[in-house]
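**Student:** Have a peek at input35.txt (compact mmCIF, C-alpha atoms (C1' of nucleotides)).
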# COMPACT_ATOMS: atom_id res chain seq x y z
CA MET M 1 110.82 113.41 64.88
CA HIS M 2 108.41 114.30 67.68
CA LEU M 3 105.89 117.05 67.54
CA LEU M 4 106.17 118.90 70.85
CA ARG M 5 104.84 122.42 71.15
CA PRO M 6 101.21 123.23 71.89
CA LYS M 7 101.37 125.88 69.19
CA ASP M 8 102.46 123.29 66.62
CA PHE M 9 99.49 121.17 67.56
CA ARG M 10 97.23 124.18 67.20
CA ALA M 11 98.60 124.83 63.72
CA VAL M 12 97.84 121.29 62.60
CA PHE M 13 94.33 121.35 64.05
CA GLN M 14 93.53 124.67 62.38
CA SER M 15 94.63 123.85 58.82
CA ALA M 16 94.92 120.15 58.18
CA ARG M 17 94.08 117.56 55.64
CA LYS M 18 92.45 114.42 56.84
CA ALA M 19 92.77 110.69 56.26
CA ARG M 20 90.78 108.14 58.18
CA ALA M 21 90.03 104.44 58.44
CA TYR M 22 87.97 102.67 61.11
CA GLY M 23 89.25 103.90 64.48
CA ILE M 24 92.16 106.11 63.41
CA ILE M 25 92.34 109.63 61.95
CA PHE M 26 95.46 111.31 60.55
CA LEU M 27 95.64 115.10 60.47
CA PHE M 28 98.60 116.50 58.51
CA ARG M 29 100.03 119.65 56.95
CA PRO M 30 103.38 120.51 55.33
CA ASN M 31 106.06 121.97 57.65
CA ASP M 32 109.28 124.01 57.28
CA VAL M 33 111.72 121.84 59.23
CA GLY M 34 112.59 119.49 56.37
CA TYR M 35 111.58 116.18 57.96
CA PRO M 36 108.29 114.57 59.06
CA ARG M 37 107.12 114.98 62.67
CA LEU M 38 104.64 112.87 64.63
CA GLY M 39 102.28 113.73 67.50
CA PHE M 40 99.45 112.02 69.35
CA ALA M 41 96.05 112.99 70.66
CA VAL M 42 94.64 109.81 72.12
CA ALA M 43 91.55 110.27 74.27
CA LYS M 44 91.23 108.52 77.60
CA LYS M 45 87.60 108.07 76.70
CA HIS M 46 88.45 105.88 73.73
CA ILE M 47 91.19 103.87 75.46
CA PRO M 48 90.65 103.87 79.22
CA THR M 49 93.88 102.20 80.39
CA ALA M 50 97.40 103.57 80.17
CA ILE M 51 98.50 100.17 78.90
CA GLY M 52 96.15 100.40 75.94
CA ARG M 53 97.21 103.95 75.04
CA ASN M 54 100.88 103.00 75.17
CA LYS M 55 100.21 99.98 72.97
CA LEU M 56 98.53 102.08 70.27
CA LYS M 57 101.25 104.73 70.34
CA ARG M 58 103.95 102.08 69.97
CA ARG M 59 102.26 100.50 66.99
CA VAL M 60 101.73 103.84 65.30
CA ARG M 61 105.27 104.95 66.06
CA GLU M 62 106.64 101.71 64.61
CA SER M 63 104.67 102.12 61.38
CA PHE M 64 105.73 105.79 61.20
CA ARG M 65 109.35 104.66 61.44
CA LEU M 66 108.84 102.18 58.58
CA GLN M 67 107.21 104.87 56.40
CA ALA M 68 109.57 107.70 57.36
CA SER M 69 111.91 107.39 54.36
CA THR M 70 109.06 107.74 51.87
CA LEU M 71 107.30 110.62 53.62
CA PRO M 72 107.52 114.29 52.64
CA ALA M 73 108.11 116.97 55.30
CA ILE M 74 104.74 117.05 57.12
CA ASP M 75 103.47 117.49 60.64
CA LEU M 76 101.19 114.57 61.50
CA VAL M 77 98.78 114.23 64.44
CA VAL M 78 97.16 110.87 65.14
CA LEU M 79 93.69 110.88 66.64
CA SER M 80 91.85 107.94 68.12
CA GLN M 81 88.18 107.10 67.68
CA LYS M 82 85.71 105.01 69.56
CA GLY M 83 86.17 101.26 69.12
CA ILE M 84 89.94 101.32 68.61
CA ASP M 85 90.48 99.75 72.01
CA ASP M 86 88.91 96.47 70.84
CA PHE M 87 91.37 96.04 67.94
CA ASP M 88 93.99 93.35 68.17
CA LYS M 89 97.46 93.44 66.64
CA THR M 90 96.58 92.43 63.03
CA GLU M 91 93.47 94.62 62.88
CA THR M 92 95.46 97.65 63.96
CA TRP M 93 98.09 96.99 61.29
CA ARG M 94 95.50 96.55 58.52
CA CYS M 95 93.87 99.77 59.58
CA LEU M 96 97.16 101.68 59.68
CA ASN M 97 98.17 100.50 56.20
CA LYS M 98 94.90 101.81 54.83
CA VAL M 99 95.35 105.25 56.41
CA TRP M 100 98.92 105.54 55.13
CA GLN M 101 97.75 104.79 51.60
CA LYS M 102 95.13 107.57 51.70
CA CYS M 103 97.56 109.96 53.33
CA LEU M 104 100.27 109.43 50.71
CA GLN M 105 97.78 109.83 47.87
CA GLN M 106 96.71 113.19 49.23
CA CYS M 107 100.31 114.29 49.67
CA GLU M 108 101.08 113.62 46.00
CA GLN M 109 98.22 115.82 44.80
C1' G P 1 91.80 59.17 98.32
C1' G P 2 88.15 63.16 99.46
C1' A P 3 86.74 67.83 101.94
C1' G P 4 88.85 72.10 104.16
C1' U P 5 92.20 75.94 106.68
C1' U P 6 96.55 78.80 106.16
C1' G P 7 101.58 80.81 104.50
C1' G P 8 105.16 81.59 100.46
C1' C P 9 106.69 81.89 95.17
C1' C P 10 105.88 82.60 89.65
C1' A P 11 103.19 85.91 86.16
C1' G P 12 104.48 82.40 79.05
C1' G P 13 109.62 80.54 77.46
C1' C P 14 113.67 80.28 73.69
C1' A P 15 116.11 82.03 69.13
C1' A P 16 116.99 85.51 64.94
C1' U P 17 116.45 90.40 62.57
C1' C P 18 115.02 95.68 62.69
C1' G P 19 114.08 99.85 66.19
C1' C P 20 113.58 103.21 71.19
C1' U P 21 115.90 105.63 76.17
C1' G P 22 119.87 106.19 79.73
C1' C P 23 124.96 104.43 81.22
C1' G P 24 130.37 102.95 80.31
C1' C P 25 134.46 102.84 76.77
C1' U P 26 136.58 104.31 72.03
C1' A P 27 136.58 107.60 67.82
C1' U P 28 135.04 112.54 66.52
C1' U P 29 135.23 120.01 65.37
C1' A P 30 129.81 120.28 67.72
C1' G P 31 126.11 116.98 65.44
C1' U P 32 127.14 111.83 65.75
C1' A P 33 129.08 106.74 64.93
C1' G P 34 130.86 101.85 66.73
C1' C P 35 131.20 98.26 70.69
C1' G P 36 129.57 96.49 75.54
C1' G P 37 125.93 96.22 79.12
C1' A P 38 120.99 97.79 81.42
C1' G P 39 115.80 98.96 80.82
C1' A P 40 108.06 98.56 84.42
C1' G P 41 104.63 95.64 88.66
C1' G P 42 102.81 92.21 92.31
C1' A P 43 99.81 95.24 92.43
C1' A P 44 103.63 100.18 89.01
C1' A P 45 96.64 101.37 90.54
C1' G P 46 93.29 103.77 94.45
C1' U P 47 95.83 108.05 97.09
C1' C P 48 93.41 105.53 102.48
C1' C P 49 97.46 105.94 106.48
C1' G P 50 102.75 106.62 108.09
C1' G P 51 107.69 108.59 107.26
C1' G P 52 112.08 110.69 104.46
C1' C P 53 113.05 115.11 101.46
C1' U P 54 111.67 120.41 100.18
C1' C P 55 109.57 125.10 100.99
C1' C P 56 106.29 128.51 103.88
C1' A P 57 105.14 134.05 107.62
C1' U P 58 106.75 131.81 115.05
C1' A P 59 106.61 125.68 113.55
C1' G P 60 105.41 129.61 120.54
C1' G P 61 100.66 129.88 123.99
C1' G P 62 95.28 129.20 124.08
C1' A P 63 90.71 127.81 121.73
C1' A P 64 88.36 125.24 117.85
C1' G P 65 88.83 121.03 114.72
C1' G P 66 90.83 116.17 113.19
C1' G P 67 92.86 111.27 114.42
C1' U P 68 93.56 106.99 117.63
C1' G P 69 90.95 103.85 121.59
C1' C P 70 91.93 95.78 125.52
C1' C P 71 97.50 94.83 126.83
C1' A P 72 102.70 94.21 125.58
C1' G P 73 106.26 94.40 121.86
C1' G P 74 108.39 95.62 116.66
C1' U P 75 109.67 99.91 113.69
C1' A P 76 112.15 105.95 111.08
C1' A P 77 106.81 105.99 111.81
C1' U P 78 101.64 104.42 111.54
C1' C P 79 95.12 103.68 111.70
C1' C P 80 100.46 98.79 109.98
C1' C P 81 102.75 94.11 111.76
C1' U P 82 103.77 90.29 115.72
C1' G P 83 102.54 87.92 120.33
C1' G P 84 98.96 87.72 124.28
C1' G P 85 93.88 88.58 126.85
C1' G P 86 88.29 89.06 126.57
C1' G P 87 83.92 88.06 123.36
C1' G P 88 81.60 85.49 118.97
C1' C P 89 81.54 81.42 114.96
C1' G P 90 83.31 76.41 113.57
C1' C P 91 83.62 68.96 115.15
C1' A P 92 88.65 70.85 114.17
C1' A P 93 92.83 73.34 111.67
C1' G P 94 91.37 78.20 112.00
C1' C P 95 88.53 82.81 111.22
C1' C P 96 86.10 87.53 112.87
C1' U P 97 86.29 91.46 116.53
C1' A P 98 86.38 100.67 116.64
C1' C P 99 87.11 95.77 122.36
C1' G P 100 87.74 103.02 127.12
C1' G P 101 83.22 105.50 129.72
C1' A P 102 75.83 104.68 129.73
C1' A P 103 73.80 106.74 138.54
C1' A P 104 78.21 113.83 134.20
C1' G P 105 74.54 115.64 130.87
C1' U P 106 71.62 115.76 126.15
C1' G P 107 69.39 112.82 122.37
C1' C P 108 67.33 108.39 119.76
C1' C P 109 64.90 103.37 120.13
C1' A P 110 60.44 102.41 113.51
C1' C P 111 56.28 98.61 113.66
C1' A P 112 54.01 95.83 117.35
C1' G P 113 52.92 96.20 122.45
C1' A P 114 49.69 97.99 128.61
C1' A P 115 54.52 99.93 128.94
C1' A P 116 60.91 101.46 125.22
C1' A P 117 62.69 104.00 130.74
C1' U P 118 59.88 109.97 134.61
C1' A P 119 57.61 104.38 134.30
C1' U P 120 53.55 101.28 133.83
C1' A P 121 49.41 96.82 133.83
C1' C P 122 46.06 94.24 128.11
C1' C P 123 44.76 88.99 129.16
C1' G P 124 45.50 86.56 133.67
C1' C P 125 46.09 85.08 139.20
C1' C P 126 44.33 86.28 144.36
C1' U P 127 40.95 89.04 147.30
C1' G P 128 36.60 92.58 149.06
C1' C P 129 31.55 94.13 147.55
C1' G P 130 27.58 92.49 144.38
C1' C P 131 22.34 87.66 142.22
C1' A P 132 25.02 89.01 137.86
C1' A P 133 27.36 92.43 134.55
C1' G P 134 30.93 94.97 136.86
C1' C P 135 33.69 98.13 140.42
C1' G P 136 37.81 98.70 144.18
C1' G P 137 42.46 96.65 146.10
C1' G P 138 46.91 93.29 145.87
C1' U P 139 50.47 90.98 142.32
C1' A P 140 54.19 90.85 138.05
C1' A P 141 54.83 83.96 138.68
C1' G P 142 52.06 82.51 133.58
C1' G P 143 50.23 84.35 128.42
C1' G P 144 50.77 87.90 124.52
C1' U P 145 54.16 92.07 121.55
C1' G P 146 59.01 93.03 120.09
C1' A P 147 65.72 93.10 117.95
C1' A P 148 65.41 94.27 123.18
C1' A P 149 60.69 94.13 128.85
C1' U P 150 63.56 96.00 135.34
C1' G P 151 68.76 89.48 136.86
C1' G P 152 68.66 83.34 135.59
C1' U P 153 67.50 78.19 137.70
C1' G P 154 65.69 75.50 141.90
C1' C P 155 63.59 75.27 146.83
C1' G P 156 61.03 77.73 150.66
C1' G P 157 57.31 81.20 151.38
C1' U P 158 52.21 83.36 150.34
C1' A P 159 45.31 84.65 149.75
C1' A P 160 47.95 85.00 145.04
C1' G P 161 52.77 86.59 144.43
C1' A P 162 57.44 89.13 144.57
C1' G P 163 65.40 88.78 146.09
C1' C P 164 60.55 88.49 150.48
C1' G P 165 64.32 84.50 152.29
C1' C P 166 68.08 80.62 151.00
C1' A P 167 71.67 77.77 147.52
C1' C P 168 74.35 78.07 142.87
C1' C P 169 75.39 81.35 138.61
C1' G P 170 75.57 86.58 137.34
C1' C P 171 76.60 91.78 139.50
C1' G P 172 79.40 95.24 142.94
C1' C P 173 83.25 95.97 146.80
C1' U P 174 87.70 94.26 149.58
C1' G P 175 91.90 91.00 150.42
C1' C P 176 94.88 86.65 148.39
C1' G P 177 97.57 83.79 144.36
C1' G P 178 99.50 83.85 139.05
C1' G P 179 100.95 87.32 135.08
C1' U P 180 105.40 93.13 132.83
C1' A P 181 100.20 94.12 131.61
C1' A P 182 95.32 93.34 129.51
C1' C P 183 93.38 89.58 132.39
C1' C P 184 92.65 84.81 134.89
C1' G P 185 91.76 81.72 139.37
C1' G P 186 89.86 81.45 144.13
C1' A P 187 88.00 83.56 149.17
C1' G P 188 85.01 86.83 152.13
C1' C P 189 81.26 90.53 152.38
C1' G P 190 77.08 93.14 150.25
C1' G P 191 72.53 93.05 148.50
C1' C P 192 69.49 92.98 143.68
C1' A P 193 70.97 99.02 143.16
C1' G P 194 67.17 102.25 136.95
C1' G P 195 67.53 98.03 129.14
C1' G P 196 70.20 99.22 124.54
C1' C P 197 72.78 102.72 121.13
C1' A P 198 78.83 106.45 122.36
C1' A P 199 81.45 103.94 113.63
C1' A P 200 74.76 109.88 118.03
C1' C P 201 76.44 114.50 120.44
C1' C P 202 79.58 114.06 124.42
C1' C P 203 83.33 112.78 128.61
C1' C P 204 88.30 110.77 129.49
C1' A P 205 93.43 109.50 127.87
C1' C P 206 97.12 110.02 124.12
C1' U P 207 98.26 112.58 119.64
C1' C P 208 98.36 116.18 115.20
C1' G P 209 101.67 123.33 112.11
C1' G P 210 100.51 123.73 106.71
C1' A P 211 101.47 122.62 101.75
C1' G P 212 103.55 119.42 98.36
C1' C P 213 108.71 117.34 93.13
C1' A P 214 103.58 121.40 89.05
C1' A P 215 107.88 121.01 96.31
C1' G P 216 112.32 123.66 95.70
C1' G P 217 117.07 125.39 93.25
C1' C P 218 119.96 127.29 88.87
C1' C P 219 120.60 129.55 83.74
C1' A P 220 118.01 132.89 81.08
C1' A P 221 114.76 136.07 75.19
C1' A P 222 110.58 139.46 76.61
C1' U P 223 108.08 142.96 79.79
C1' A P 224 107.57 146.04 84.28
C1' G P 225 110.33 148.97 88.01
C1' G P 226 111.62 146.84 91.85
C1' G P 227 114.27 143.14 94.86
C1' G P 228 117.62 141.41 98.87
C1' U P 229 120.19 141.91 103.79
C1' U P 230 120.58 144.21 108.67
C1' C P 231 118.45 147.25 112.67
C1' U P 232 113.89 148.94 115.00
C1' A P 233 109.87 152.32 119.35
C1' C P 234 104.42 153.81 119.90
C1' A P 235 99.86 154.64 117.29
C1' G P 236 97.21 153.78 112.84
C1' G P 237 96.74 150.89 108.40
C1' C P 238 97.68 146.38 105.67
C1' G P 239 98.84 141.08 105.68
C1' U P 240 98.36 136.32 108.20
C1' G P 241 97.16 129.11 104.92
C1' U P 242 90.67 127.60 110.95
C1' C P 243 90.34 131.66 114.89
C1' C P 244 92.50 134.72 119.04
C1' C P 245 96.99 136.33 121.55
C1' G P 246 100.97 137.14 118.94
C1' C P 247 103.99 137.78 114.59
C1' G P 248 105.44 140.14 109.81
C1' C P 249 105.24 144.54 106.52
C1' U P 250 104.63 149.85 105.99
C1' G P 251 110.21 153.36 108.79
C1' A P 252 115.83 153.85 108.47
C1' A P 253 120.70 152.23 106.62
C1' C P 254 123.51 149.35 103.16
C1' C P 255 123.79 146.40 98.67
C1' C P 256 122.33 145.22 93.32
C1' G P 257 120.28 143.12 88.61
C1' G P 258 115.15 141.21 88.10
C1' G P 259 112.78 136.27 86.09
C1' U P 260 107.77 135.30 81.88
C1' A P 261 108.43 131.74 77.41
C1' G P 262 112.08 128.03 77.21
C1' G P 263 116.14 125.02 79.12
C1' C P 264 118.92 122.56 83.14
C1' U P 265 118.56 120.47 87.95
C1' G P 266 115.98 118.02 91.87
C1' C P 267 116.41 112.24 89.67
C1' U P 268 118.11 107.96 91.95
C1' U P 269 123.07 104.29 96.69
C1' G P 270 118.51 103.47 99.37
C1' A P 271 115.20 102.86 106.78
C1' G P 272 118.39 99.02 99.28
C1' C P 273 118.82 93.71 97.72
C1' G P 274 120.94 88.55 98.17
C1' C P 275 123.47 84.77 101.09
C1' G P 276 125.31 83.07 105.78
C1' A P 277 125.76 83.32 111.17
C1' U P 278 123.38 84.76 115.60
C1' G P 279 119.46 86.75 119.57
C1' G P 280 114.01 86.38 119.91
C1' C P 281 107.75 82.07 120.36
C1' G P 282 107.28 85.95 116.54
C1' A P 283 107.06 90.82 113.99
C1' C P 284 112.10 92.13 113.90
C1' G P 285 117.18 93.25 115.53
C1' U P 286 122.73 92.62 115.26
C1' C P 287 127.17 91.03 112.66
C1' G P 288 129.99 89.28 108.27
C1' C P 289 130.50 88.74 102.94
C1' G P 290 128.80 89.96 98.13
C1' C P 291 125.93 93.04 94.54
C1' C P 292 124.41 97.99 91.96
C1' U P 293 119.15 96.57 90.10
C1' A P 294 114.64 101.96 85.12
C1' G P 295 115.26 107.21 85.48
C1' A P 296 111.67 108.75 80.79
C1' U P 297 109.87 114.28 80.45
C1' G P 298 104.30 114.87 73.98
C1' A P 299 106.97 110.73 78.32
C1' A P 300 111.68 105.02 76.41
C1' U P 301 110.43 98.03 76.87
C1' G P 302 108.02 97.61 70.66
C1' A P 303 107.54 95.09 65.79
C1' U P 304 108.23 90.83 62.43
C1' U P 305 109.26 85.55 61.97
C1' G P 306 109.99 80.44 63.77
C1' C P 307 109.45 76.54 67.60
C1' C P 308 107.24 74.68 72.33
C1' C P 309 103.40 74.49 76.13
C1' A P 310 99.25 74.62 80.64
C1' C P 311 97.29 78.98 74.75
C1' G P 312 98.75 83.61 78.56
C1' A P 313 94.50 87.43 83.68
C1' C P 314 94.69 92.30 85.98
C1' A P 315 97.39 95.85 84.15
C1' G P 316 102.56 100.74 82.64
C1' A P 317 107.42 103.66 87.02
C1' A P 318 106.94 109.80 86.96
C1' C P 319 110.69 112.30 94.05
C1' C P 320 111.62 107.89 97.17
C1' C P 321 110.38 104.24 100.87
C1' G P 322 107.03 101.22 104.73
C1' G P 323 101.95 99.50 105.03
C1' C P 324 96.58 99.07 103.83
C1' U P 325 92.73 98.43 100.15
C1' U P 326 91.01 97.10 95.38
C1' A P 327 91.69 94.21 90.25
C1' U P 328 93.63 89.41 88.64
C1' C P 329 93.58 83.47 83.61
C1' G P 330 96.22 80.14 85.88
C1' G P 331 100.53 77.29 87.85
C1' C P 332 104.12 75.50 91.72
C1' U P 333 104.99 74.56 96.84
C1' G P 334 105.27 74.25 102.68
C1' A P 335 102.41 73.38 107.20
C1' C P 336 97.96 71.83 109.58
C1' U P 337 92.62 69.84 110.48
C1' C P 338 88.44 66.45 109.66
C1' C P 339 86.41 62.05 107.18
C1' U P 340 87.21 57.43 104.61
C1' U P 341 90.15 53.21 102.83
C1' U P 342 94.41 49.83 103.04
C1' U P 343 98.59 47.61 105.69
Step by step, read the file and then write its structure as structure tokens.

**Tutor:**
Amino acid sequence: MHLLRPKDFRAVFQSARKARAYGIIFLFRPNDVGYPRLGFAVAKKHIPTAIGRNKLKRRVRESFRLQASTLPAIDLVVLSQKGIDDFDKTETWRCLNKVWQKCLQQCEQ
RNA sequence: GGAGUUGGCCAGGCAAUCGCUGCGCUAUUAGUAGCGGAGAGGAAAGUCCGGGCUCCAUAGGGAAGGGUGCCAGGUAAUCCCUGGGGGGCGCAAGCCUACGGAAAGUGCCACAGAAAAUAUACCGCCUGCGCAAGCGGGUAAGGGUGAAAUGGUGCGGUAAGAGCGCACCGCGCUGCGGGUAACCGGAGCGGCAGGGCAAACCCCACUCGGAGCAAGGCCAAAUAGGGGUUCUACAGGCGUGUCCCGCGCUGAACCCGGGUAGGCUGCUUGAGCGCGAUGGCGACGUCGCGCCUAGAUGAAUGAUUGCCCACGACAGAACCCGGCUUAUCGGCUGACUCCUUUU
């Protein structure tokens, strides 16, 4: 489930497709392990408090769990952007839904 | 009723469903599944102090450097806390206080002012000379400057003045009384003896080895040849975490795995929490009974829905405790002070 190794992260950053909406970017590429994996790269600059970073990760992890059955085997890294810290619960969800849509479209191609 | 001082507590609640991480039990060939139960804070933060724990090459002596600085107590310990003393603020409850030493030495004291500490005299006052302007002498009471000006007030004294003399206050010394002490009270004597700053250097007293869980330990692909234990002289060389003395290595003998990626461990039962009794003004101590209350490691507490209300602030454990400091929407509550009103 989790994406752990620094080298795995490097692989995603080097050759990835991109999907973005508002304050969130998904980077993803197919993997060999047979199931989707999730990793985070949330900048302290974008979300200054540990509370805020945890909150975002939990929301993303929850939506990943809900999508997991429909996903192909990809490695996915979630990046934050400026402004994400101001989002409330519903805004974050709307944003995430949009990114998932784009991501799945690209996977089908 | 109003204004205020001070201490303590809470940090949205309830229900349903789907998830995450340990733990216990059961099942299971490992994976895992089911059930039960647990799962962030008052500051988890800043890392400013103090300890525990771990390792390092002597952690020993000396120097340097750092810290603390009224007294007594509490504690594992402290720069913390409690009680007391002095000083300051407030009508009061109460609050603040780095609060040892300035004739050991060095340094600094802007502007203003005559003068900022070796002293000195701008205006003035008194006096001598002179027609006068002024010059010489005496003086530091009055004015002026400043954050601060060589004791304060009063009387005597004098040409005018001055601790020059006297009284009281202040200051110093010596007894006495109270207090564990800091200190307080009072007596006698002295004589006015040259300001402030030591969170400036410094002096004095006490005190401090260093690094930190990425500490340290174990299992172990790769890669390189070394690593460990014991004994030991001198000289030289090398090393040494502030420096020196010193110490260790380089020598000999014996033994054999070594340890990067990665994994495991350290990792939560502890100066623990709650209740009661008891000693103490109090911080806190002692005794009895009961309880087990996060342990993640790309890092677990979330999401959805419904209802209620005061419409929810600051904010996330990372080895563990005791403090301090900083951030914080609000709510509850104890004690006390002052003013006003009514009986």

**Student:** Between atom C1' of P:A45 and atom C1' of P:A98, what is the distance, to one decimal in Å?

**Tutor:** 28.1 Å

**Student:** Near M:Leu38, counting only C-alpha atoms (C1' of nucleotides), which residues have an atom at most 12 Å away, once you skip same-chain residues fewer than 6 positions from it, shown as a VMD selection string?

**Tutor:** (chain M and resid 1 to 5 8 to 9 12 26 to 29 31 57 60 to 65 67 to 68 71 73 to 79) or (chain P and resid 298)

**Student:** Counting only C-alpha atoms (C1' of nucleotides), select every polymer residue within 12 Å of (50.8, 83.9, 150.1) as defined in the file's coordinates, and provide the selection as a JSON list (two decimals) with C-alpha atoms (C1' of nucleotides), in the frame of the given file.

**Tutor:**
[["chain", "number", "residue", "atom", "x", "y", "z"],
["P", 125, "C", "C1'", 46.09, 85.08, 139.20],
["P", 126, "C", "C1'", 44.33, 86.28, 144.36],
["P", 127, "U", "C1'", 40.95, 89.04, 147.30],
["P", 138, "G", "C1'", 46.91, 93.29, 145.87],
["P", 139, "U", "C1'", 50.47, 90.98, 142.32],
["P", 156, "G", "C1'", 61.03, 77.73, 150.66],
["P", 157, "G", "C1'", 57.31, 81.20, 151.38],
["P", 158, "U", "C1'", 52.21, 83.36, 150.34],
["P", 159, "A", "C1'", 45.31, 84.65, 149.75],
["P", 160, "A", "C1'", 47.95, 85.00, 145.04],
["P", 161, "G", "C1'", 52.77, 86.59, 144.43],
["P", 162, "A", "C1'", 57.44, 89.13, 144.57],
["P", 164, "C", "C1'", 60.55, 88.49, 150.48]]

**Student:** As an exercise, work out the distance from atom C1' of P:A3 to atom C1' of P:A335 in Å and give it to one decimal place.

**Tutor:**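 Answer for the atom C1' of P:A3 to atom C1' of P:A335 separation: 17.4 Å.
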
**Student:** Mind listing as a ChimeraX atom specification which residues of chain P are within 10 Å of chain M, counting all atoms listed in the file?

**Tutor:** /P:18-20,298,302-303,315-316

**Student:** Given the selection you just returned, output its residues as a file containing C-alpha atoms (C1' of nucleotides), formatted as an mmCIF file, in the frame of the given file.

**Tutor:**
data_model
loop_
_atom_site.group_PDB
_atom_site.id
_atom_site.type_symbol
_atom_site.label_atom_id
_atom_site.label_comp_id
_atom_site.auth_asym_id
_atom_site.auth_seq_id
_atom_site.Cartn_x
_atom_site.Cartn_y
_atom_site.Cartn_z
ATOM 1 C "C1'" C P 18 115.020 95.680 62.690
ATOM 2 C "C1'" G P 19 114.080 99.850 66.190
ATOM 3 C "C1'" C P 20 113.580 103.210 71.190
ATOM 4 C "C1'" G P 298 104.300 114.870 73.980
ATOM 5 C "C1'" G P 302 108.020 97.610 70.660
ATOM 6 C "C1'" A P 303 107.540 95.090 65.790
ATOM 7 C "C1'" A P 315 97.390 95.850 84.150
ATOM 8 C "C1'" G P 316 102.560 100.740 82.640
#

**Student:** Skipping near chain neighbours, those fewer than 2 positions away, what residues fall within 12 Å of P:G226 using all atoms listed in the file, listed as an MDAnalysis selection string?

**Tutor:** chainID P and resid 224 228 256:258

**Student:** To box stretch 46-56 of chain M, take all atoms listed in the file, fit an axis-aligned box, add 5 Å on each side, and give centre and edge lengths in Å to one decimal, as JSON.

**Tutor:**
{"center_x": 94.7, "center_y": 102.9, "center_z": 75.3, "size_x": 22.4, "size_y": 15.9, "size_z": 20.1}

**Student:** Choose the residue, out of M:Asp88, M:Ala43, M:Ser80, M:Gln101, that has the smallest atom-to-atom separation from M:Ile25; count only C-alpha atoms.

**Tutor:**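 Smallest separation from M:Ile25 among the options: M:Ser80.
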
**Student:** Please, what distance in Å, to one decimal, runs between atom C1' of P:A235 and atom C1' of P:C254?

**Tutor:** 28.1 Å

**Student:** Find the spatial neighbours of stretch 319-324 of chain P, counting only C-alpha atoms (C1' of nucleotides), within a cut-off of 9 Å - ignore same-chain residues fewer than 2 positions away - and output them as a list of chain:residue names.

**Tutor:**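 Answer for this query is P:C48, P:C49, P:G50, P:G51, P:G52, P:C53, P:A77, P:U78, P:C80, P:C81, P:C213, P:G266, P:C267, P:U268, P:G270, P:A271.
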